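K.L.:
As input, take data34.tsv (TSV, C-alpha atoms):
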```tsv
chain	number	residue	atom	x	y	z
A	15	MET	CA	125.36	4.34	-61.25
A	16	THR	CA	127.33	3.61	-64.44
A	17	TRP	CA	128.31	6.66	-66.46
A	18	LEU	CA	129.34	6.79	-70.10
A	19	ARG	CA	132.83	7.89	-71.05
A	20	ARG	CA	133.87	9.09	-74.48
A	21	GLU	CA	135.45	5.69	-75.12
A	22	ASP	CA	132.12	4.02	-74.40
A	23	LEU	CA	130.38	6.25	-76.93
A	24	GLU	CA	133.06	5.48	-79.51
A	25	ASP	CA	132.62	1.76	-78.88
A	26	ARG	CA	128.87	2.15	-79.31
A	27	GLU	CA	129.46	3.75	-82.71
A	28	LEU	CA	131.57	0.76	-83.76
A	29	ARG	CA	128.82	-1.66	-82.73
A	30	GLU	CA	125.74	0.18	-83.96
A	31	LEU	CA	126.57	2.41	-86.93
A	32	GLY	CA	126.41	1.26	-90.53
A	33	ARG	CA	129.18	0.83	-93.05
A	34	TYR	CA	128.83	4.34	-94.49
A	35	ALA	CA	128.93	6.19	-91.15
A	36	ALA	CA	131.77	8.47	-90.08
A	37	LEU	CA	133.39	7.39	-86.82
A	38	SER	CA	134.26	10.04	-84.26
A	39	ARG	CA	137.33	8.15	-83.09
A	40	ASP	CA	138.86	8.64	-86.57
A	41	ALA	CA	138.19	12.40	-86.69
A	42	THR	CA	141.11	14.84	-86.85
A	43	ARG	CA	141.53	18.59	-86.33
A	44	ARG	CA	143.98	21.06	-87.84
A	45	LEU	CA	145.31	21.81	-84.37
A	46	ALA	CA	145.68	18.66	-82.27
A	47	GLU	CA	144.12	18.83	-78.81
A	48	PRO	CA	143.41	16.42	-75.97
A	49	ARG	CA	140.25	14.34	-76.30
A	50	ASP	CA	137.34	15.18	-74.02
A	51	PRO	CA	136.68	12.59	-71.29
A	52	LEU	CA	132.90	12.60	-71.89
A	53	ARG	CA	132.13	13.89	-75.38
A	54	THR	CA	133.09	12.54	-78.78
A	55	THR	CA	134.88	14.81	-81.24
A	56	PHE	CA	131.69	15.39	-83.23
A	57	GLN	CA	129.74	16.23	-80.07
A	58	ARG	CA	132.37	18.85	-79.29
A	59	ASP	CA	131.98	20.28	-82.81
A	60	ARG	CA	128.24	20.59	-82.22
A	61	ASP	CA	128.75	22.31	-78.88
A	62	ARG	CA	131.31	24.75	-80.26
A	63	VAL	CA	128.93	25.78	-83.02
A	64	ILE	CA	126.03	26.30	-80.60
A	65	HIS	CA	128.17	28.47	-78.30
A	66	SER	CA	129.60	30.59	-81.13
A	67	THR	CA	128.74	34.23	-81.70
A	68	ALA	CA	127.92	33.51	-85.34
A	69	PHE	CA	125.26	31.00	-84.31
A	70	ARG	CA	123.62	33.45	-81.90
A	71	ARG	CA	123.44	36.03	-84.67
A	72	LEU	CA	121.33	33.65	-86.77
A	73	GLN	CA	118.43	34.48	-84.46
A	74	HIS	CA	118.17	37.88	-86.17
A	75	LYS	CA	118.99	36.91	-89.75
A	76	THR	CA	116.24	36.55	-92.35
A	77	GLN	CA	115.10	33.23	-93.76
A	78	VAL	CA	112.47	34.57	-96.22
A	79	VAL	CA	110.18	36.95	-94.34
A	80	ALA	CA	112.37	39.64	-92.76
A	81	ALA	CA	113.39	38.67	-89.24
A	82	TYR	CA	111.99	41.91	-87.78
A	83	GLU	CA	108.49	41.53	-89.34
A	84	GLY	CA	107.15	39.11	-86.76
A	85	ASP	CA	108.10	36.79	-83.92
A	86	HIS	CA	106.67	33.63	-85.51
A	87	TYR	CA	108.44	33.58	-88.87
A	88	ARG	CA	111.49	31.40	-89.33
A	89	SER	CA	114.89	32.97	-88.83
A	90	ARG	CA	118.18	31.43	-89.85
A	91	MET	CA	118.51	30.08	-86.32
A	92	THR	CA	115.12	28.38	-86.14
A	93	HIS	CA	115.70	27.00	-89.64
A	94	SER	CA	119.09	25.61	-88.57
A	95	LEU	CA	117.55	23.98	-85.49
A	96	GLU	CA	114.82	22.42	-87.62
A	97	VAL	CA	117.37	21.09	-90.12
A	98	SER	CA	119.37	19.68	-87.21
A	99	GLN	CA	116.37	17.77	-85.86
A	100	LEU	CA	115.52	16.34	-89.27
A	101	ALA	CA	119.14	15.41	-89.96
A	102	ARG	CA	119.44	13.56	-86.66
A	103	SER	CA	116.28	11.60	-87.43
A	104	VAL	CA	117.38	10.62	-90.93
A	105	ALA	CA	120.95	9.83	-89.85
A	106	CYS	CA	119.64	7.65	-87.02
A	107	SER	CA	117.38	5.69	-89.39
A	108	LEU	CA	120.27	5.20	-91.85
A	109	ARG	CA	122.65	4.21	-89.04
A	110	LEU	CA	124.90	7.18	-89.74
A	111	ASN	CA	126.61	9.39	-87.18
A	112	THR	CA	123.87	11.57	-85.70
A	113	ASP	CA	126.34	13.80	-83.84
A	114	LEU	CA	128.20	14.68	-87.04
A	115	ALA	CA	124.93	15.29	-88.90
A	116	GLU	CA	123.79	17.59	-86.11
A	117	ALA	CA	127.06	19.54	-86.08
A	118	ILE	CA	126.97	20.06	-89.85
A	119	ALA	CA	123.31	21.09	-89.76
A	120	LEU	CA	123.80	23.64	-87.01
A	121	ALA	CA	126.77	25.15	-88.85
A	122	HIS	CA	125.44	25.02	-92.41
A	123	ASP	CA	124.07	28.60	-92.47
A	124	LEU	CA	126.72	30.38	-90.38
A	125	GLY	CA	128.00	32.20	-93.47
A	126	HIS	CA	124.69	33.74	-94.49
A	127	PRO	CA	124.72	37.56	-94.56
A	128	PRO	CA	121.80	39.83	-93.62
A	129	PHE	CA	118.66	39.59	-95.76
A	130	GLY	CA	119.13	36.07	-97.02
A	131	HIS	CA	120.05	35.23	-100.59
A	132	VAL	CA	119.66	38.78	-101.90
A	133	GLY	CA	122.26	39.84	-99.34
A	134	GLU	CA	124.51	37.12	-100.71
A	135	GLU	CA	123.98	38.41	-104.24
A	136	ALA	CA	124.83	41.97	-103.19
A	137	LEU	CA	128.08	40.95	-101.51
A	138	ASN	CA	129.06	38.74	-104.44
A	139	GLU	CA	128.63	41.71	-106.78
A	140	LEU	CA	130.64	43.97	-104.49
A	141	MET	CA	133.42	41.36	-104.36
A	142	THR	CA	133.38	40.46	-108.08
A	143	ASP	CA	137.05	41.30	-108.61
A	144	HIS	CA	138.14	40.20	-105.15
A	145	GLY	CA	137.21	36.52	-104.85
A	146	GLY	CA	133.42	36.83	-104.78
A	147	PHE	CA	131.10	35.73	-101.99
A	148	ARG	CA	129.08	32.61	-101.32
A	149	HIS	CA	127.49	31.72	-98.02
A	150	ASN	CA	128.73	28.13	-97.87
A	151	ALA	CA	132.35	29.17	-98.37
A	152	GLN	CA	131.84	32.01	-95.90
A	153	GLY	CA	130.58	29.48	-93.36
A	154	ALA	CA	133.86	27.59	-93.63
A	155	ARG	CA	135.67	30.88	-93.23
A	156	VAL	CA	133.65	31.68	-90.11
A	157	VAL	CA	134.50	28.43	-88.32
A	158	ASP	CA	138.12	28.41	-89.52
A	159	LEU	CA	139.09	32.03	-88.91
A	160	LEU	CA	136.52	34.59	-87.87
A	161	GLU	CA	135.24	32.81	-84.75
A	162	ASP	CA	138.60	33.11	-83.01
A	163	ARG	CA	137.33	32.25	-79.53
A	164	TYR	CA	140.52	30.60	-78.37
A	165	GLY	CA	143.22	32.86	-79.80
A	166	HIS	CA	145.11	30.11	-81.63
A	167	GLY	CA	144.29	31.29	-85.16
A	168	HIS	CA	142.23	28.20	-86.10
A	169	GLY	CA	138.76	29.53	-85.35
A	170	LEU	CA	136.61	26.90	-83.65
A	171	ASN	CA	139.12	24.20	-84.64
A	172	LEU	CA	136.34	21.89	-85.80
A	173	THR	CA	137.06	18.42	-87.16
A	174	ASP	CA	138.05	18.10	-90.79
A	175	ALA	CA	134.84	16.11	-91.44
A	176	THR	CA	132.63	18.99	-90.30
A	177	ARG	CA	134.70	21.67	-92.02
A	178	ARG	CA	134.75	19.91	-95.40
A	179	SER	CA	131.01	19.32	-95.20
A	180	LEU	CA	130.34	23.06	-95.15
A	181	LEU	CA	131.80	23.56	-98.63
A	182	LYS	CA	128.83	22.25	-100.58
A	183	GLY	CA	128.29	23.74	-104.02
A	184	LYS	CA	130.57	26.05	-105.98
A	185	VAL	CA	133.23	28.15	-104.29
A	186	PRO	CA	134.06	31.32	-106.26
A	187	ASP	CA	137.51	31.44	-107.82
A	188	GLY	CA	139.85	33.32	-105.52
A	189	PHE	CA	137.63	33.02	-102.44
A	190	PRO	CA	139.99	32.66	-99.45
A	191	ILE	CA	139.47	29.38	-97.62
A	192	ALA	CA	141.99	27.44	-95.55
A	193	PRO	CA	144.73	25.89	-97.73
A	194	ASP	CA	144.08	22.36	-96.46
A	195	LEU	CA	140.39	22.66	-97.43
A	196	ALA	CA	141.27	24.05	-100.84
A	197	ALA	CA	143.63	21.11	-101.44
A	198	ARG	CA	140.86	18.60	-100.70
A	199	ARG	CA	137.93	20.19	-102.52
A	200	ALA	CA	137.60	17.14	-104.78
A	201	ALA	CA	137.76	14.60	-101.94
A	202	PRO	CA	134.51	12.87	-100.90
A	203	VAL	CA	132.68	14.42	-97.95
A	204	PRO	CA	130.96	12.33	-95.26
A	205	VAL	CA	127.61	10.83	-96.17
A	206	GLU	CA	126.17	12.77	-93.23
A	207	ALA	CA	126.75	15.97	-95.24
A	208	ALA	CA	124.43	14.70	-98.00
A	209	VAL	CA	121.81	13.94	-95.35
A	210	VAL	CA	122.02	17.53	-94.12
A	211	ASP	CA	121.67	18.89	-97.67
A	212	HIS	CA	118.44	16.96	-98.19
A	213	CYS	CA	117.08	17.85	-94.75
A	214	ASP	CA	117.87	21.50	-95.43
A	215	ARG	CA	115.71	21.26	-98.55
A	216	ILE	CA	112.89	19.46	-96.71
A	217	ALA	CA	112.91	22.10	-93.98
A	218	TYR	CA	112.87	25.15	-96.20
A	219	LEU	CA	110.29	23.75	-98.63
A	220	CYS	CA	107.80	22.90	-95.92
A	221	HIS	CA	108.50	25.70	-93.46
A	222	ASP	CA	108.67	28.41	-96.14
A	223	LEU	CA	105.24	27.18	-97.25
A	224	ASP	CA	104.08	27.53	-93.64
A	225	ASP	CA	105.54	31.05	-93.35
A	226	GLY	CA	103.99	32.08	-96.67
A	227	LEU	CA	100.57	30.97	-95.48
A	228	ARG	CA	101.10	32.75	-92.15
A	229	ALA	CA	102.08	35.94	-93.98
A	230	ARG	CA	99.09	35.54	-96.34
A	231	VAL	CA	101.29	35.90	-99.39
A	232	PHE	CA	99.26	33.10	-101.02
A	233	SER	CA	96.04	31.32	-100.15
A	234	LEU	CA	95.21	27.87	-98.85
A	235	ASP	CA	93.23	27.23	-102.04
A	236	GLU	CA	96.39	27.74	-104.10
A	237	VAL	CA	98.41	25.44	-101.84
A	238	ALA	CA	95.74	22.75	-102.13
A	239	GLU	CA	96.72	22.30	-105.80
A	240	LEU	CA	100.22	21.10	-104.87
A	241	ARG	CA	100.83	17.37	-105.33
A	242	LEU	CA	102.76	16.99	-102.06
A	243	TRP	CA	99.97	18.77	-100.17
A	244	GLN	CA	97.45	16.39	-101.72
A	245	ARG	CA	99.56	13.40	-100.69
A	246	ALA	CA	99.66	14.65	-97.12
A	247	ARG	CA	95.91	15.31	-97.07
A	248	ALA	CA	95.23	11.81	-98.37
A	249	TRP	CA	97.35	10.42	-95.55
A	250	ARG	CA	95.79	12.68	-92.88
A	251	PRO	CA	92.45	13.86	-94.33
A	252	ASP	CA	91.20	15.52	-91.15
A	253	ALA	CA	94.35	17.55	-90.47
A	254	GLY	CA	94.47	21.34	-90.43
A	255	SER	CA	97.07	23.28	-92.41
A	256	ALA	CA	99.80	23.07	-89.75
A	257	ALA	CA	99.32	19.34	-89.31
A	258	THR	CA	99.24	18.86	-93.07
A	259	ILE	CA	102.63	20.55	-93.37
A	260	SER	CA	103.88	18.28	-90.59
A	261	ALA	CA	102.60	15.32	-92.61
A	262	MET	CA	104.45	16.62	-95.67
A	263	ILE	CA	107.68	16.64	-93.69
A	264	SER	CA	107.03	13.09	-92.50
A	265	LEU	CA	106.38	11.91	-96.05
A	266	LEU	CA	109.57	13.53	-97.33
A	267	VAL	CA	111.70	12.16	-94.51
A	268	ARG	CA	110.32	8.64	-94.83
A	269	ASP	CA	110.78	8.64	-98.60
A	270	LEU	CA	114.36	9.87	-98.25
A	271	VAL	CA	115.21	7.02	-95.86
A	272	GLU	CA	113.42	4.30	-97.80
A	273	ALA	CA	114.71	5.35	-101.24
A	274	THR	CA	118.26	5.65	-99.92
A	275	VAL	CA	118.17	2.24	-98.27
A	276	ARG	CA	116.85	0.65	-101.47
A	277	ARG	CA	119.69	2.21	-103.42
A	278	TRP	CA	122.29	1.02	-100.91
A	279	ASP	CA	120.86	-2.52	-100.92
A	280	GLU	CA	120.74	-2.69	-104.71
A	281	HIS	CA	124.26	-1.31	-105.16
A	282	PRO	CA	126.22	-2.32	-102.04
A	283	ASP	CA	129.61	-1.75	-103.66
A	284	ALA	CA	128.83	1.70	-105.06
A	285	THR	CA	129.70	5.00	-103.45
A	286	ALA	CA	127.03	5.88	-100.92
A	287	SER	CA	124.42	8.31	-102.24
A	288	VAL	CA	121.43	9.84	-100.50
A	289	ALA	CA	118.34	10.81	-102.52
A	290	HIS	CA	114.56	10.75	-102.70
A	291	GLY	CA	112.61	8.44	-104.94
A	292	ASP	CA	111.66	9.64	-108.43
A	293	ASP	CA	108.01	10.46	-107.61
A	294	MET	CA	108.97	12.48	-104.54
A	295	ILE	CA	111.58	14.40	-106.52
A	296	VAL	CA	108.85	15.45	-108.96
A	297	ASP	CA	106.49	16.48	-106.14
A	298	SER	CA	109.15	18.45	-104.28
A	299	GLN	CA	110.12	20.25	-107.50
A	300	ASP	CA	106.45	21.15	-107.93
A	301	LEU	CA	106.48	22.71	-104.45
A	302	LEU	CA	109.76	24.56	-105.09
A	303	ALA	CA	108.43	26.02	-108.35
A	304	PHE	CA	105.33	27.26	-106.49
A	305	LEU	CA	107.42	28.90	-103.74
A	306	ARG	CA	109.68	30.60	-106.25
A	307	ALA	CA	106.78	32.05	-108.19
A	308	ARG	CA	104.42	32.93	-105.34
A	309	PHE	CA	106.69	33.59	-102.35
A	310	TYR	CA	110.38	34.20	-103.07
A	311	ARG	CA	109.55	36.52	-105.99
A	312	SER	CA	106.46	38.12	-104.46
A	313	ARG	CA	106.45	41.91	-104.24
A	314	ARG	CA	106.06	41.80	-100.48
A	315	VAL	CA	109.22	39.76	-100.03
A	316	LEU	CA	111.24	41.38	-102.82
A	317	ALA	CA	110.49	44.94	-101.65
A	318	VAL	CA	112.00	44.23	-98.23
A	319	MET	CA	114.90	42.29	-99.69
A	320	GLU	CA	115.75	45.00	-102.21
A	321	ARG	CA	115.88	47.59	-99.44
A	322	GLY	CA	118.14	45.21	-97.56
A	323	GLN	CA	120.46	45.01	-100.57
A	324	GLU	CA	120.68	48.79	-100.71
A	325	ARG	CA	121.64	48.93	-97.06
A	326	ILE	CA	124.32	46.26	-97.51
A	327	ARG	CA	125.83	48.29	-100.36
A	328	ALA	CA	125.70	51.46	-98.26
A	329	ALA	CA	127.41	49.85	-95.25
A	330	PHE	CA	130.02	48.18	-97.45
A	331	GLY	CA	130.86	51.43	-99.21
A	332	PHE	CA	131.12	53.32	-95.94
A	333	TYR	CA	133.57	50.90	-94.36
A	334	VAL	CA	135.72	50.71	-97.51
A	335	ALA	CA	135.96	54.51	-97.44
A	336	ASN	CA	136.38	54.66	-93.65
A	337	PRO	CA	138.31	51.57	-92.46
A	338	ALA	CA	139.07	53.25	-89.15
A	339	GLU	CA	135.40	52.68	-88.26
A	340	LEU	CA	135.84	48.90	-88.36
A	341	PRO	CA	136.15	47.05	-85.04
A	342	ASP	CA	139.70	46.52	-83.76
A	343	GLY	CA	139.72	42.80	-84.61
A	344	ALA	CA	138.65	43.47	-88.18
A	345	ARG	CA	141.20	46.25	-88.72
A	346	ALA	CA	143.94	43.89	-87.57
A	347	ARG	CA	143.14	41.57	-90.50
A	348	ILE	CA	143.34	44.21	-93.24
A	349	ALA	CA	147.07	43.81	-93.85
A	350	GLU	CA	146.74	40.08	-94.48
A	351	GLU	CA	143.21	39.78	-95.89
A	352	GLY	CA	142.88	43.06	-97.75
A	353	LEU	CA	140.42	45.86	-97.07
A	354	ARG	CA	137.50	44.66	-99.18
A	355	ARG	CA	137.59	41.08	-97.85
A	356	THR	CA	137.77	42.41	-94.29
A	357	VAL	CA	134.80	44.70	-94.90
A	358	CYS	CA	132.92	41.82	-96.55
A	359	ASP	CA	133.52	39.61	-93.50
A	360	HIS	CA	132.28	42.36	-91.20
A	361	VAL	CA	129.12	43.15	-93.16
A	362	ALA	CA	128.31	39.46	-93.75
A	363	GLY	CA	128.45	38.84	-90.02
A	364	MET	CA	125.86	41.52	-89.22
A	365	THR	CA	122.28	40.69	-88.29
A	366	ASP	CA	119.47	42.38	-90.18
A	367	ARG	CA	118.67	44.79	-87.37
A	368	TYR	CA	122.34	45.63	-86.72
A	369	LEU	CA	122.77	46.50	-90.38
A	370	LEU	CA	119.69	48.72	-90.29
A	371	ARG	CA	120.97	50.57	-87.25
A	372	VAL	CA	124.41	51.04	-88.79
A	373	VAL	CA	122.98	52.49	-91.99
A	374	GLU	CA	120.69	54.84	-90.04
A	375	GLY	CA	123.82	56.72	-88.98
A	376	LEU	CA	125.17	57.21	-92.50
A	377	PRO	CA	123.07	59.88	-94.28
A	378	ASP	CA	124.24	62.87	-92.20
A	379	GLY	CA	127.88	61.86	-92.59
A	380	SER	CA	128.37	61.07	-88.92
A	381	GLY	CA	129.24	57.44	-89.56
A	382	PRO	CA	127.67	54.27	-88.13
A	383	ALA	CA	125.30	54.58	-85.22
A	384	THR	CA	126.81	53.79	-81.85
A	385	LEU	CA	125.66	50.28	-80.87
```
Could you render the structure as structure tokens?

P.N.:
Amino acid sequence: MTWLRREDLEDRELRELGRYAALSRDATRRLAEPRDPLRTTFQRDRDRVIHSTAFRRLQHKTQVVAAYEGDHYRSRMTHSLEVSQLARSVACSLRLNTDLAEAIALAHDLGHPPFGHVGEEALNELMTDHGGFRHNAQGARVVDLLEDRYGHGHGLNLTDATRRSLLKGKVPDGFPIAPDLAARRAAPVPVEAAVVDHCDRIAYLCHDLDDGLRARVFSLDEVAELRLWQRARAWRPDAGSAATISAMISLLVRDLVEATVRRWDEHPDATASVAHGDDMIVDSQDLLAFLRARFYRSRRVLAVMERGQERIRAAFGFYVANPAELPDGARARIAEEGLRRTVCDHVAGMTDRYLLRVVEGLPDGSGPATL
């Protein structure tokens, strides 16, 4: 039986991937280490993310409906897995590096705090004068520092390609990220990172719609007015709601691939860009506007999220006033990172249910509950 070595996989990339793909053989890490005999560098990135504590915690972090409200709603972990599957499919069709796309997708939400985006807003307010907070920058901080599994001070020691891909969007002024990342903020990121961004959007648009229907926050009659829903029903007229949402995902993925390929063929010398066609952009914006109005800002969702914000503020204030209650590893970082950043890291890493249990111990002055 012939088995595949890492070198064989690298040679396959050279033969089969397109001109815009990142090659694993060219990848570098902050801390040099021997190459694996079987896995490429990007495959090792993927595996390190999956085995990290931060990734396991995503199982109990809220996507939209609170993670503790039901077993069938998306959590940050199930969302990340769904983004990973979509990103691999799109990257494969575009002849990009599927392993890098998968690694980025699995890591893209590692910096999310408890209770989703409202938790992010609460921490950003609490850190206003101390570098702010944003989940994408926190994700880079997690893989570079906080997940210190190997004791060498470089976190998971992921490749530079994966690390830089986590810094999408704005990073608050003064937010502490690794100096080498800060120096290259303006440098282009791999095209695979753009694929993940679009697949993230596809996943949350369609799956948040599914969760909203499951939670009965809005009705099927309301959803039937959406242009993307109507497209999917025209394509699969006999499908039920779940299959219609699946068809919506298929339409979005196919359009992303086809529109991107057209753009690359028409402008072969331009910088690679990944995007939907104009009609699909309009239809996806229609869906996003619906979700914002009827789901993300619904009283059912906001009531739970607002209580989550209050608990984040309570836990943050307690640890700032009582740093001795922080875990040993966190306390060891106070001298270098500062108290508020250390507390922010600790609270951001909590799951929803851990945060709730911590705050339950605060009212009588006894401190966090023993966990």

K.L.:
Which is closer to Ser264 (chain A) than all the others in A:Leu100, A:Cys358, A:Val372, A:Ala329, using all atoms listed in the file?

P.N.:
A:Leu100

K.L.:
Compare A:Thr142, A:Ser287, A:Thr42, A:Asn171 by their minimum atom-to-atom distance to Ser66 (chain A), counting all atoms listed in the file, and give me the closest one.

P.N.:
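Of the candidates, the smallest distance to Ser66 (chain A) is held by A:Asn171.
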
K.L.:
Can you tell me, as a list in words, what residues are no more than 8 Å from Arg39 (chain A) when counting all atoms listed in the file, ignoring any on the same chain fewer than 5 positions away?

P.N.:
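Neighbouring residues, sequence-local ones excluded: Glu24, Thr54 and Thr55 of chain A.
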
K.L.:
Using only C-alpha atoms, which residues sit within 12 Å of Arg347 (chain A) once same-chain residues fewer than 5 positions away are excluded, as a PyMOL selection string?

P.N.:
chain A and resi 159-160+167+337+340-342+352-360

K.L.:
To one decimal place in Å, what is the distance between CA of Ser107 (chain A) and CA of Asp25 (chain A)?

P.N.:
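It comes out at 18.9 Å.
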
K.L.:
Please measure the separation of CA of Pro282 (chain A) and CA of Leu31 (chain A), giving the value in Å to one decimal.

P.N.:
15.8 Å

K.L.:
Counting only C-alpha atoms, find the residues whose atoms lie at most 12 Å from (99.6, 18.1, -99.4) (file coordinates) and write them out as a ChimeraX atom specification.

P.N.:
/A:220,223-224,234-251,253-266,297-298,300-301

K.L.:
One decimal, Å: what's the distance from CA of Glu374 (chain A) over to CA of Arg88 (chain A), could you say?

P.N.:
25.2 Å

K.L.:
So which residues touch Leu120 (chain A) within 9 Å, counting only C-alpha atoms, skipping near sequence neighbours fewer than 5 positions away, as number ranges by chain?

P.N.:
A: 60, 63-64, 69, 91, 94-95, 97-98, 115

K.L.:
Go through A:Thr365, A:Arg62, A:Leu376, A:Val288 one by one, measure the shortest atom-to-atom distance of each to Ala328 (chain A) using only C-alpha atoms, and give the residue with the smallest value.

P.N.:
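When distances to Ala328 (chain A) are compared using only C-alpha atoms, the smallest one comes from A:Leu376.
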
K.L.:
If we count only C-alpha atoms and set the cut-off at 8 Å, which residues sit around Ala286 (chain A), ignoring sequence neighbours fewer than 4 positions away in its own chain? Please answer as a CSV table (one decimal) with C-alpha atoms, in the coordinates of the input.

P.N.:
```csv
chain,number,residue,atom,x,y,z
A,34,TYR,CA,128.8,4.3,-94.5
A,205,VAL,CA,127.6,10.8,-96.2
A,278,TRP,CA,122.3,1.0,-100.9
```

K.L.:
Write out as number ranges by chain which residues come within 7 Å of Ala151 (chain A) when counting only C-alpha atoms, dropping same-chain ones fewer than 4 positions away.

P.N.:
A: 155, 181, 185
